[in-house]
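Enquirer: input_6.cif is reproduced in full below (mmCIF, C-alpha atoms).
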data_structure
loop_
_atom_site.label_atom_id
_atom_site.label_comp_id
_atom_site.auth_asym_id
_atom_site.auth_seq_id
_atom_site.Cartn_x
_atom_site.Cartn_y
_atom_site.Cartn_z
CA MET A 149 -7.34 -5.97 2.56
CA LYS A 150 -4.60 -8.39 1.62
CA VAL A 151 -1.63 -7.46 -0.50
CA THR A 152 -2.69 -10.11 -3.01
CA ASP A 153 -5.98 -8.21 -3.52
CA LEU A 154 -4.21 -5.02 -4.63
CA PRO A 155 -3.96 -5.78 -8.37
CA LYS A 156 -7.77 -6.08 -8.54
CA GLN A 157 -8.07 -2.73 -6.75
CA TRP A 158 -5.53 -1.12 -9.08
CA GLU A 159 -7.52 -2.27 -12.13
CA GLN A 160 -10.56 -0.35 -10.87
CA LYS A 161 -11.09 3.39 -11.06
CA LYS A 162 -8.81 5.27 -8.70
CA LYS A 163 -10.45 6.66 -5.58
CA SER A 164 -9.00 9.79 -4.04
CA ALA A 165 -7.63 9.37 -0.54
CA GLU A 166 -6.65 11.97 2.00
CA ARG A 167 -2.92 11.84 2.73
CA ILE A 168 -2.14 13.66 5.95
CA HIS A 169 1.41 12.58 6.67
CA ASP A 170 4.54 12.37 4.53
CA TYR A 171 7.31 9.81 4.93
CA ASN A 172 10.67 9.61 3.23
CA LEU A 173 11.55 6.02 2.34
CA ARG A 174 14.85 4.55 1.25
CA LEU A 175 14.24 1.32 -0.62
CA PRO A 176 16.71 -1.26 -1.85
CA LEU A 177 17.20 -0.94 -5.61
CA GLU A 178 15.36 -4.21 -6.30
CA ASP A 179 12.28 -3.08 -4.34
CA ALA A 180 12.32 0.33 -6.03
CA ALA A 181 12.43 -1.43 -9.42
CA ARG A 182 9.44 -3.57 -8.43
CA ILE A 183 7.45 -0.50 -7.40
CA SER A 184 8.36 1.18 -10.68
CA ALA A 185 7.30 -1.92 -12.64
CA LEU A 186 3.95 -2.02 -10.82
CA ALA A 187 3.38 1.64 -11.65
CA GLU A 188 4.04 0.83 -15.32
CA LEU A 189 1.60 -2.10 -15.20
CA TYR A 190 -1.06 0.12 -13.62
CA PRO A 191 -0.60 3.52 -15.29
CA ASP A 192 -3.49 5.08 -13.34
CA ARG A 193 -1.45 4.54 -10.15
CA SER A 194 1.66 6.50 -9.24
CA GLU A 195 4.56 4.95 -7.40
CA SER A 196 3.31 6.78 -4.30
CA ASP A 197 -0.14 5.25 -4.75
CA ILE A 198 1.39 1.78 -5.05
CA LEU A 199 3.51 2.28 -1.92
CA ASN A 200 0.55 3.64 0.05
CA ASP A 201 -1.60 0.67 -0.92
CA VAL A 202 1.09 -1.92 -0.20
CA ILE A 203 1.85 -0.44 3.23
CA SER A 204 -1.84 -0.15 4.10
CA ALA A 205 -2.54 -3.75 3.06
CA ALA A 206 0.48 -5.02 5.00
CA LEU A 207 -0.65 -3.15 8.12
CA ASP A 208 -4.19 -4.51 7.71
CA ASP A 209 -2.72 -8.00 7.49
CA LEU A 210 -0.65 -7.47 10.65
CA VAL A 211 -3.66 -6.10 12.51
CA SER A 212 -5.75 -9.12 11.61
CA GLN A 213 -3.33 -11.54 13.24
CA GLY A 214 -2.05 -12.49 16.64
CA PRO A 215 -0.75 -10.22 19.38
CA LEU A 216 -0.57 -7.09 17.23
CA LYS A 217 -4.32 -7.14 16.71
CA GLU A 218 -5.07 -5.26 19.93
CA LYS A 219 -2.11 -2.88 19.68
CA LEU A 220 -2.73 -1.85 16.08
CA GLY A 221 -6.46 -2.54 15.87
CA SER A 222 -7.91 0.83 14.95
CA LYS A 223 -6.89 3.00 12.00
CA ASN A 224 -8.56 5.90 13.79
CA SER A 225 -6.35 5.83 16.91
#
Could you spell out this file's structure in structure tokens?
Expert:
Amino acid sequence: MKVTDLPKQWEQKKKSAERIHDYNLRLPLEDAARISALAELYPDRSESDILNDVISAALDDLVSQGPLKEKLGSKNS
């Protein structure tokens, strides 16, 4: 999935996803404000949901290109 496809996904009914690992992120204030604004635009999505989706889409994009494709290729590794 591409990051630009996320708004369409966020407009659909939320699907539950298993979250098996926690991370603590420190974001610049501007990025945190953007995440907060997205959560306001899509009230069915929490800020955590938005961050999870953005990170997943960015990783999918990286995997689909160039030399990282083989190193990051499987989500199940």
Enquirer: Between atom CA of Gln213 of chain A and atom CA of Ala181 of chain A, what is the distance in Å, rounded to a tenth?
Expert: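 Distance reported for this atom pair: 29.4 Å.
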Enquirer: I'd like the residues picked by the PyMOL selection byres ((chain A and resi 199-208) around 8) written out as a count of residues only, using the chain letters and numbers from the file.
Expert: 13
Enquirer: List the spatial neighbours of segment 155-158 of chain A as an mmCIF file with C-alpha atoms, in the frame of the given file - criterion: any atom at most 9 Å away, only C-alpha atoms, same-chain residues fewer than 3 positions off excluded.
Expert:
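What landed in part25.cif:
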data_model
loop_
_atom_site.group_PDB
_atom_site.id
_atom_site.type_symbol
_atom_site.label_atom_id
_atom_site.label_comp_id
_atom_site.auth_asym_id
_atom_site.auth_seq_id
_atom_site.Cartn_x
_atom_site.Cartn_y
_atom_site.Cartn_z
ATOM 1 C CA VAL A 151 -1.630 -7.460 -0.500
ATOM 2 C CA THR A 152 -2.690 -10.110 -3.010
ATOM 3 C CA LYS A 161 -11.090 3.390 -11.060
ATOM 4 C CA LYS A 162 -8.810 5.270 -8.700
ATOM 5 C CA TYR A 190 -1.060 0.120 -13.620
ATOM 6 C CA ASP A 192 -3.490 5.080 -13.340
ATOM 7 C CA ARG A 193 -1.450 4.540 -10.150
ATOM 8 C CA ILE A 198 1.390 1.780 -5.050
#
Enquirer: Tell me, in Å to one decimal, how far atom CA of Asp153 of chain A is from atom CA of Asp179 of chain A.
Expert: 19.0 Å
Enquirer: Could you state the separation of atom CA of Glu159 of chain A and atom CA of Lys217 of chain A in Å, given to one decimal place?
Expert: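 About the pair atom CA of Glu159 of chain A and atom CA of Lys217 of chain A: they are 29.4 Å apart.
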